[in-house]
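These notes are about the structure you will find just below.
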Amino acid sequence: MSDVSRDTMLLTTPFHSRVEAMCNINDWGNWMGFTTPNAYFDVELEYFAIRSTTGVFDLSPMNKYRVTGTDAQRYLDRLITRDVSKIGVNRVGYAIWCDDNGQVMDDGTIFHLGEQDYRICSYQRADDWLAWNTLGFDVTIENESDTVAGLAVQGPTSCTVLTLLGCTDLNQLKPFGIAHYTFEGLPMMVSRTGFTGDLGYEVWVPPESAEALWDQLFELGRDYLIKPIGSHALELARIEAGFLQANVDFMPAEEVVRVGRTRSPFELGLGWLVDFNKPLFNGRSALLREQEKGSRYRFAMLDVQGNKPAEHSFILKGKKQVGTVTSAAWCPTAKANIAYAQIEMPHGAVGDELVAEIYYQRELHWTRLLAPCKVIDAPIFKSPKRWQTPAPPH
Amino acid sequence: MNQYDAIVIGAGHNGLTNGAYLAKAGLKVAVLERNPYIGGATVSRELHKGWWYSNCSYVSSLLRPEITRDLELPRHGLQVVSFGGGATFMRNGDYFGNYSDHDRHYRELARHSKRDANAYDRYAADTSLQTKLIRPYLLRTPPDPTSMRPRDLRDLLEFARSFMDLGEEKLLDTIKFWTASVGDYLNEYFETDVIKAHMAGSGIIGTALGVYSPGTAYVLLHHYMGDVDGNVGAWGFARGGMGAIADALSKAFQSYGGEIVCDANVDEIIVKNGLAAGVALKDGKEYRAPIVVSNLDPKRTFLDITNPSDLPKDVVKKARNFKIRGSSGKLNIALDGLPIFNGMDPRNRLMAGDLHFSDSLERQERAYDDWKAGTWSKDPYLDMMIPSLTDPTMAPPGKHMMSVFVQYAPPKVEGREWTDEDKDGFEKSVIDQISNYSPNFRDLILHCETRTPREIEAEVGLTEGNIFMGELTFDQLLFNRPFPGYAQYRTPIKGMYMCSSGTHPGGGVMAAPGANAAREILADLKKPNTVPGGYADD
């Protein structure tokens, strides 16, 4: 008998037996306490599966909360910054939520499943915050994280593969739409959502369906060049597509220790998600004040010259340091060197020309590079397939 | 009257790139194409319904990322997708696999030889050193060693310094490398036949030389110096086939106001008082412009479409003597399913890369012996790819497209023109070889397009079917390409320029010659430069 207890082991997702079988390279990471592949066989080729064929990502460790009750919509309107009434039934809305100081706690997606029936899908755990916010509302919050398993099925052939799986007329589903199917007698929900910027879907099933879903998906997808993808490939795709990541591009407000390290929606370029026409929501008055007085920072997407990723770089205006980079990558499809930066106001407006101070090491030799960069208004990578309805076959 | 600021002859990737940069500078530019479709050797053609063939060039690595970014080719629809893997299947039923993961690659090398596996890192470092010397010069005009102009002197000095900085030992290695055969170079590192043969292929592709011919080590470099996303040496497919590159370039060109004219077969460049004045087409039409850029190979440029009386005799002589020897052919095959080679699971990732059957340097050299004897190789060297394992748009689901580059095929068979019977014999030698390793291959063939040098020359316009528009040997590289004294894209006729793969830095779908030529033309016109500089290579 081993004298090392197994209770320190990372948890496994409902897909684990299949994930493990396909994780040829045996490179694992810890995501929210679950063991998940950083890569399955080759990060670069996994990335290109997202862009050229179909990539499958196990997103079961995402936190999922069911919100029901007569006040469900009112409750969510109080919780998040955008107008929930504009998210119709069987539609999904990207959303952020703030603390009372108007500082972003997390971002996520709101699934409108039915009359006064919603699901929040978030990166961070939110049980406590969601519970505090129920005060005065007739709502029930149920943590569904363990009872809903999910796969992101992303890429140009994803619609074709899922149609073969029985998702009839899936190509008619609009971006951010939800469709309901059954898989082996159990409910299967498919949303046209994702974190890759390409045509793609997220498939949600009870955990007992997980292994069979994986098996059938890969069997039916073989001729469409389906591949599993790990977190490194997804990271590359999300930077190229312009998506922010909690704990990377901003700190969840409640976890911040040091003064001034939180960010408001405006400071993250997410002002479009704030709707002041709503009477009340968490952070509203603070955000109104900020809108009047001005923000401290500006989120900037930078097009950096050269091909060295500006990872962890300082951003300079002339010789003055005005910001730092939070995410950076050489984007393989756009063939562009992209960085996200937090820039001190008033710098960082679209078109502003800045300099990234890049440090890189080759054979133990460090080089400091001052790379000119320009603030751009949108990601350079734009897949027309992402928005096309009917969805293209490949 | 068809009056333009510049006319580019040939809508291959270099012609389109050249046109794009001239148009970006505000010039009124027309690119004239002989065929009814654009692309030259950078095309995708649906020659069997449902199957798209990259029926000339078939992989992309050398395309300069600076140009892709600058001309916004992704926005114009270009998507280059990396592939991994590759294998040489052996006569004994085994194979040697090429893995992108360093540690997995080590294990595969070690399966054949522990010593070779260990030596591989030394080989990779030495080869990388050579690519680092040449890569900074891809997006630059080669300096003229006889010129006293400040720019040439500065560039020559910089060029010399990068060599002198190597130190004595590495400089000697370098001089040897640039003149060595790929076989001798590999013999310094490896002992295993199949490992050497797998790597030697890149030293002979597209060139009428054998693995033991001096100068082939450089050709190996030419195939290693490209990159997909900074991974030096990695190769990718253009999604939708190579034509996607030409299509994206043409859209970029048109977005700057450029015009493309297909079915425009140039008869002659019009020269008036020693100045280029336009071109006359075979159908009698004329296009006028003070700038005429030829994207044809040097032989066609100076011997076919320029009147010799307009040229100094030394240029005519140099063009006649330019080495542009046909050495290869191609089979493009529509397959009903995936062939199985030496029993390998067809889902094996190695299948998505370049596949070969020549498992020793000796077999490769013997294949070259056949070429010297004036016939196609009976046991050819194949560079075979199945792009439909990476790109789902090339063939219907579950079906596959196979591109088979074949070496060697002579420009003439025993001194006479190719006949249809010769072409059948050439095709048979290739299909027989593949079938020796794959019992189900022959039954899977739905359609096969076979191209000998005869077809490549007639349809694409590459003299003798030479894919690089001229041998990549040191006497025809850098300031010697195409000829000494004419390596800066200018011709003896004022206003007439060259931008083809026959100029520096040579063939492969690189787009660098087209861009470099545009930079020189704009300088002569005293227009602001629109061509980007190369990324630092560190």
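Quick note on naming: the chains in the structure tokens go A, B, ... in the order shown, residues restart at 1 in each chain, and ligands are numbered from 1 in order of appearance.
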Using only C-alpha atoms, I'd like every residue of chain A that has an atom within 7 Å of chain B; please write them out as a PDB file with C-alpha atoms, in the first residue's frame.
ATOM      1  CA  LEU A  45      -1.094  21.267 -35.791  1.00  0.00           C
ATOM      2  CA  PHE A  48      -4.382  24.566 -37.484  1.00  0.00           C
ATOM      3  CA  SER A  52      -8.738  24.389 -41.276  1.00  0.00           C
ATOM      4  CA  THR A  53     -10.738  21.365 -40.112  1.00  0.00           C
ATOM      5  CA  ASP A 223     -13.233  12.095 -42.944  1.00  0.00           C
ATOM      6  CA  TYR A 224     -13.506  15.762 -41.946  1.00  0.00           C
ATOM      7  CA  LEU A 225     -10.086  15.651 -40.264  1.00  0.00           C
ATOM      8  CA  GLY A 306       8.620  42.275 -36.580  1.00  0.00           C
ATOM      9  CA  ASN A 307       7.979  38.700 -35.578  1.00  0.00           C
ATOM     10  CA  PRO A 332      -0.196  32.021 -37.530  1.00  0.00           C
ATOM     11  CA  THR A 333      -3.216  32.652 -39.760  1.00  0.00           C
ATOM     12  CA  ALA A 334      -3.237  36.445 -39.713  1.00  0.00           C
ATOM     13  CA  LYS A 335       0.573  36.395 -40.041  1.00  0.00           C
ATOM     14  CA  ALA A 336       0.562  39.277 -37.590  1.00  0.00           C
ATOM     15  CA  HIS A 394     -15.942  23.426 -44.802  1.00  0.00           C
TER      16      HIS A 394
END
Which is closest to Arg416 in chain B among B:Gln254, B:Thr375, B:Ser501, B:Thr192, if we use only C-alpha atoms?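 For Arg416 in chain B, the nearest of the candidates is B:Thr375.
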Residues near range 215-221 of chain B, anyone? I mean within 8 Å using only C-alpha atoms, not counting same-chain ones fewer than 4 positions away, as a PyMOL selection string. chain B and resi 127+130-131+177-183+185+200-205+209-211+225+472-474
Export of prior selection with N, CA and C atoms as a short mmCIF file (atom, residue, chain, number, x, y, z; two decimals), in the first residue's frame:
data_model
loop_
_atom_site.label_atom_id
_atom_site.label_comp_id
_atom_site.auth_asym_id
_atom_site.auth_seq_id
_atom_site.Cartn_x
_atom_site.Cartn_y
_atom_site.Cartn_z
N THR B 127 23.33 23.25 -39.87
CA THR B 127 22.48 23.63 -41.00
C THR B 127 21.77 24.95 -40.71
N GLN B 130 23.90 27.92 -41.45
CA GLN B 130 23.93 28.30 -42.86
C GLN B 130 22.66 29.04 -43.27
N THR B 131 21.51 28.60 -42.76
CA THR B 131 20.28 29.32 -43.12
C THR B 131 20.31 30.74 -42.57
N PHE B 177 30.53 23.95 -47.24
CA PHE B 177 29.10 23.68 -47.36
C PHE B 177 28.54 24.18 -48.69
N TRP B 178 28.93 25.39 -49.06
CA TRP B 178 28.35 26.01 -50.25
C TRP B 178 28.78 25.32 -51.54
N THR B 179 29.80 24.50 -51.46
CA THR B 179 30.27 23.84 -52.68
C THR B 179 30.11 22.32 -52.59
N ALA B 180 29.69 21.82 -51.43
CA ALA B 180 29.67 20.37 -51.24
C ALA B 180 28.43 19.73 -51.86
N SER B 181 28.50 18.40 -51.97
CA SER B 181 27.31 17.65 -52.34
C SER B 181 26.53 17.34 -51.07
N VAL B 182 25.23 17.18 -51.22
CA VAL B 182 24.41 16.89 -50.05
C VAL B 182 24.79 15.53 -49.47
N GLY B 183 25.18 14.60 -50.34
CA GLY B 183 25.58 13.28 -49.87
C GLY B 183 26.81 13.36 -48.97
N TYR B 185 27.92 15.98 -47.42
CA TYR B 185 27.57 16.75 -46.22
C TYR B 185 26.90 15.85 -45.18
N ALA B 200 18.45 13.80 -47.75
CA ALA B 200 19.11 14.22 -48.99
C ALA B 200 18.11 14.68 -50.04
N GLY B 201 16.87 14.22 -49.92
CA GLY B 201 15.87 14.57 -50.93
C GLY B 201 15.80 16.07 -51.19
N SER B 202 15.85 16.85 -50.12
CA SER B 202 15.76 18.30 -50.27
C SER B 202 16.94 18.88 -51.04
N GLY B 203 18.01 18.13 -51.15
CA GLY B 203 19.19 18.62 -51.86
C GLY B 203 19.11 18.44 -53.37
N ILE B 204 18.15 17.63 -53.82
CA ILE B 204 18.09 17.38 -55.27
C ILE B 204 16.78 17.83 -55.89
N ILE B 205 15.77 18.11 -55.06
CA ILE B 205 14.46 18.47 -55.62
C ILE B 205 14.58 19.68 -56.54
N LEU B 209 20.83 17.61 -60.68
CA LEU B 209 22.06 17.13 -60.07
C LEU B 209 21.72 15.93 -59.19
N GLY B 210 22.75 15.14 -58.90
CA GLY B 210 22.54 13.98 -58.04
C GLY B 210 23.00 14.28 -56.63
N VAL B 211 22.72 13.35 -55.73
CA VAL B 211 23.06 13.58 -54.31
C VAL B 211 24.57 13.70 -54.09
N MET B 225 15.21 27.04 -45.62
CA MET B 225 15.30 28.41 -45.13
C MET B 225 13.94 29.10 -45.05
N LEU B 472 19.87 26.11 -59.05
CA LEU B 472 20.26 26.85 -57.85
C LEU B 472 21.69 26.49 -57.47
N THR B 473 22.59 26.62 -58.41
CA THR B 473 23.99 26.37 -58.09
C THR B 473 24.70 27.70 -57.93
N PHE B 474 25.83 27.67 -57.23
CA PHE B 474 26.46 28.92 -56.81
C PHE B 474 26.79 29.84 -57.99
#
Near-range 156-160 of chain A list (9 Å; only C-alpha atoms; drop same-chain fewer than 2 positions) as number ranges by chain: A: 49-55, 153-154, 162-165, 167, 170-171, 198-201, 221, 224-226, 385-386, 391-394; B: 392
Could you write those residues out with C-alpha atoms, as a compact mmCIF listing (two decimals), in the first residue's frame?
# COMPACT_ATOMS: atom_id res chain seq x y z
CA ALA A 49 -7.14 22.00 -36.91
CA ILE A 50 -9.20 24.87 -35.46
CA ARG A 51 -8.52 27.00 -38.52
CA SER A 52 -8.74 24.39 -41.28
CA THR A 53 -10.74 21.37 -40.11
CA THR A 54 -12.30 20.73 -36.68
CA GLY A 55 -10.71 20.96 -33.25
CA VAL A 153 -16.26 21.74 -31.53
CA GLN A 154 -14.61 24.47 -33.54
CA LEU A 162 -22.18 17.79 -35.90
CA THR A 163 -24.85 17.47 -38.59
CA LEU A 164 -23.69 13.89 -39.14
CA LEU A 165 -24.05 13.37 -35.39
CA CYS A 167 -27.87 17.88 -35.35
CA LEU A 170 -27.57 22.94 -37.66
CA ASN A 171 -26.26 25.02 -40.56
CA ASP A 198 -13.95 30.62 -36.27
CA LEU A 199 -17.11 28.79 -37.18
CA GLY A 200 -17.75 26.64 -34.12
CA TYR A 201 -20.14 25.19 -31.60
CA GLY A 221 -15.48 13.36 -37.98
CA TYR A 224 -13.51 15.76 -41.95
CA LEU A 225 -10.09 15.65 -40.26
CA ILE A 226 -11.33 16.16 -36.69
CA LYS A 385 -17.22 31.65 -41.69
CA ARG A 386 -17.82 32.70 -38.09
CA ALA A 391 -22.87 27.80 -41.97
CA PRO A 392 -20.44 26.69 -44.71
CA PRO A 393 -19.71 22.94 -45.08
CA HIS A 394 -15.94 23.43 -44.80
CA PRO B 392 -10.59 19.22 -46.32
Glu202 in chain A: which residues within 8 Å, counting only C-alpha atoms, same-chain residues fewer than 6 positions away excluded, as a ChimeraX atom specification? /A:150-154,190-194
Got a sec: who's within 9 Å of range 121-128 of chain A, counting only C-alpha atoms, leaving out chain neighbours fewer than 2 positions off, as a list in words? Met32, Pro61, Met62, Asn63, Lys64, Tyr65, Arg66, Met105, Asp106, Asp107, Gly108, Thr109, Ile110, Phe111, Arg119, Leu130, Ala131, Trp132, Asn133, Ile141, Glu142, Asn143, Ser145, Gln245, Ala246 and Pro252 of chain A
Report the residues of range 38-83 of chain A whose backbone DSSP state falls under strand (DSSP E or B), written as a list of chain:residue names. A:Asn38, A:Ala39, A:Thr54, A:Gly55, A:Val56, A:Phe57, A:Asp58, A:Asn63, A:Lys64, A:Tyr65, A:Arg66, A:Val67, A:Thr68, A:Ile80
So that I have them on file, write out the residues from the current selection with C-alpha atoms, as a JSON list (two decimals), in the first residue's frame.
[["chain", "number", "residue", "atom", "x", "y", "z"],
["A", 38, "ASN", "CA", -1.87, 21.30, -22.67],
["A", 39, "ALA", "CA", -1.41, 19.54, -25.99],
["A", 54, "THR", "CA", -12.30, 20.73, -36.68],
["A", 55, "GLY", "CA", -10.71, 20.96, -33.25],
["A", 56, "VAL", "CA", -12.38, 19.48, -30.16],
["A", 57, "PHE", "CA", -11.71, 20.98, -26.75],
["A", 58, "ASP", "CA", -13.00, 19.56, -23.47],
["A", 63, "ASN", "CA", -18.32, 26.74, -14.15],
["A", 64, "LYS", "CA", -22.00, 26.47, -14.98],
["A", 65, "TYR", "CA", -24.85, 27.94, -12.95],
["A", 66, "ARG", "CA", -28.55, 27.50, -13.65],
["A", 67, "VAL", "CA", -30.66, 30.52, -12.80],
["A", 68, "THR", "CA", -34.43, 29.93, -12.57],
["A", 80, "ILE", "CA", -24.51, 41.82, -15.37]]
When you look at range 112-118 of chain A with a cut-off of 9 Å (counting only C-alpha atoms), what residues show up, excluding the ones that are within fewer than 6 positions of it in the same chain? I need them as a PDB file with N, CA and C atoms, in the first residue's frame.
ATOM      1  N   TYR A  65     -23.837  27.658 -13.970  1.00  0.00           N
ATOM      2  CA  TYR A  65     -24.848  27.941 -12.953  1.00  0.00           C
ATOM      3  C   TYR A  65     -26.197  28.115 -13.612  1.00  0.00           C
ATOM      4  N   ARG A  66     -27.197  27.383 -13.124  1.00  0.00           N
ATOM      5  CA  ARG A  66     -28.554  27.500 -13.646  1.00  0.00           C
ATOM      6  C   ARG A  66     -29.289  28.534 -12.826  1.00  0.00           C
ATOM      7  N   VAL A  67     -29.917  29.460 -13.468  1.00  0.00           N
ATOM      8  CA  VAL A  67     -30.662  30.523 -12.798  1.00  0.00           C
ATOM      9  C   VAL A  67     -32.121  30.405 -13.208  1.00  0.00           C
ATOM     10  N   THR A  68     -33.008  30.063 -12.264  1.00  0.00           N
ATOM     11  CA  THR A  68     -34.432  29.930 -12.571  1.00  0.00           C
ATOM     12  C   THR A  68     -35.260  30.659 -11.516  1.00  0.00           C
ATOM     13  N   GLY A  69     -36.559  30.808 -11.783  1.00  0.00           N
ATOM     14  CA  GLY A  69     -37.455  31.500 -10.847  1.00  0.00           C
ATOM     15  C   GLY A  69     -38.087  32.697 -11.526  1.00  0.00           C
ATOM     16  N   THR A  70     -39.149  33.197 -10.944  1.00  0.00           N
ATOM     17  CA  THR A  70     -39.912  34.257 -11.616  1.00  0.00           C
ATOM     18  C   THR A  70     -39.081  35.524 -11.819  1.00  0.00           C
ATOM     19  N   ASP A  71     -38.050  35.705 -11.000  1.00  0.00           N
ATOM     20  CA  ASP A  71     -37.229  36.923 -11.131  1.00  0.00           C
ATOM     21  C   ASP A  71     -35.907  36.673 -11.867  1.00  0.00           C
ATOM     22  N   ALA A  72     -35.803  35.547 -12.552  1.00  0.00           N
ATOM     23  CA  ALA A  72     -34.502  35.183 -13.135  1.00  0.00           C
ATOM     24  C   ALA A  72     -33.937  36.298 -14.030  1.00  0.00           C
ATOM     25  N   GLN A  73     -34.772  36.844 -14.904  1.00  0.00           N
ATOM     26  CA  GLN A  73     -34.247  37.881 -15.806  1.00  0.00           C
ATOM     27  C   GLN A  73     -33.899  39.151 -15.033  1.00  0.00           C
ATOM     28  N   LEU A  76     -30.615  38.661 -13.282  1.00  0.00           N
ATOM     29  CA  LEU A  76     -29.445  38.747 -14.161  1.00  0.00           C
ATOM     30  C   LEU A  76     -29.200  40.187 -14.596  1.00  0.00           C
ATOM     31  N   ILE A  87     -31.423  39.374 -24.848  1.00  0.00           N
ATOM     32  CA  ILE A  87     -30.980  38.019 -25.175  1.00  0.00           C
ATOM     33  C   ILE A  87     -32.230  37.145 -25.247  1.00  0.00           C
ATOM     34  N   GLY A  88     -32.705  36.833 -26.451  1.00  0.00           N
ATOM     35  CA  GLY A  88     -33.950  36.086 -26.624  1.00  0.00           C
ATOM     36  C   GLY A  88     -33.819  34.638 -26.182  1.00  0.00           C
ATOM     37  N   VAL A  89     -34.935  33.957 -26.137  1.00  0.00           N
ATOM     38  CA  VAL A  89     -34.916  32.534 -25.786  1.00  0.00           C
ATOM     39  C   VAL A  89     -34.127  31.780 -26.858  1.00  0.00           C
ATOM     40  N   ASN A  90     -33.337  30.807 -26.405  1.00  0.00           N
ATOM     41  CA  ASN A  90     -32.444  30.050 -27.290  1.00  0.00           C
ATOM     42  C   ASN A  90     -31.387  30.930 -27.950  1.00  0.00           C
ATOM     43  N   ARG A  91     -30.977  31.941 -27.203  1.00  0.00           N
ATOM     44  CA  ARG A  91     -29.862  32.792 -27.642  1.00  0.00           C
ATOM     45  C   ARG A  91     -28.838  32.852 -26.510  1.00  0.00           C
ATOM     46  N   VAL A  92     -27.608  33.166 -26.874  1.00  0.00           N
ATOM     47  CA  VAL A  92     -26.529  33.277 -25.891  1.00  0.00           C
ATOM     48  C   VAL A  92     -25.978  34.698 -25.956  1.00  0.00           C
ATOM     49  N   GLY A  93     -25.657  35.264 -24.802  1.00  0.00           N
ATOM     50  CA  GLY A  93     -25.051  36.593 -24.795  1.00  0.00           C
ATOM     51  C   GLY A  93     -23.725  36.568 -24.052  1.00  0.00           C
ATOM     52  N   ILE A 178     -29.014  28.778 -29.972  1.00  0.00           N
ATOM     53  CA  ILE A 178     -29.009  27.499 -29.249  1.00  0.00           C
ATOM     54  C   ILE A 178     -29.973  26.552 -29.957  1.00  0.00           C
TER      55      ILE A 178
END
Give the answer as one residue: which of A:Trp31, A:Trp366, A:Trp387, A:Phe137 has the shortest atom-to-atom distance to Leu79 in chain A, using only C-alpha atoms?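 Result for the nearest residue to Leu79 in chain A: A:Phe137.
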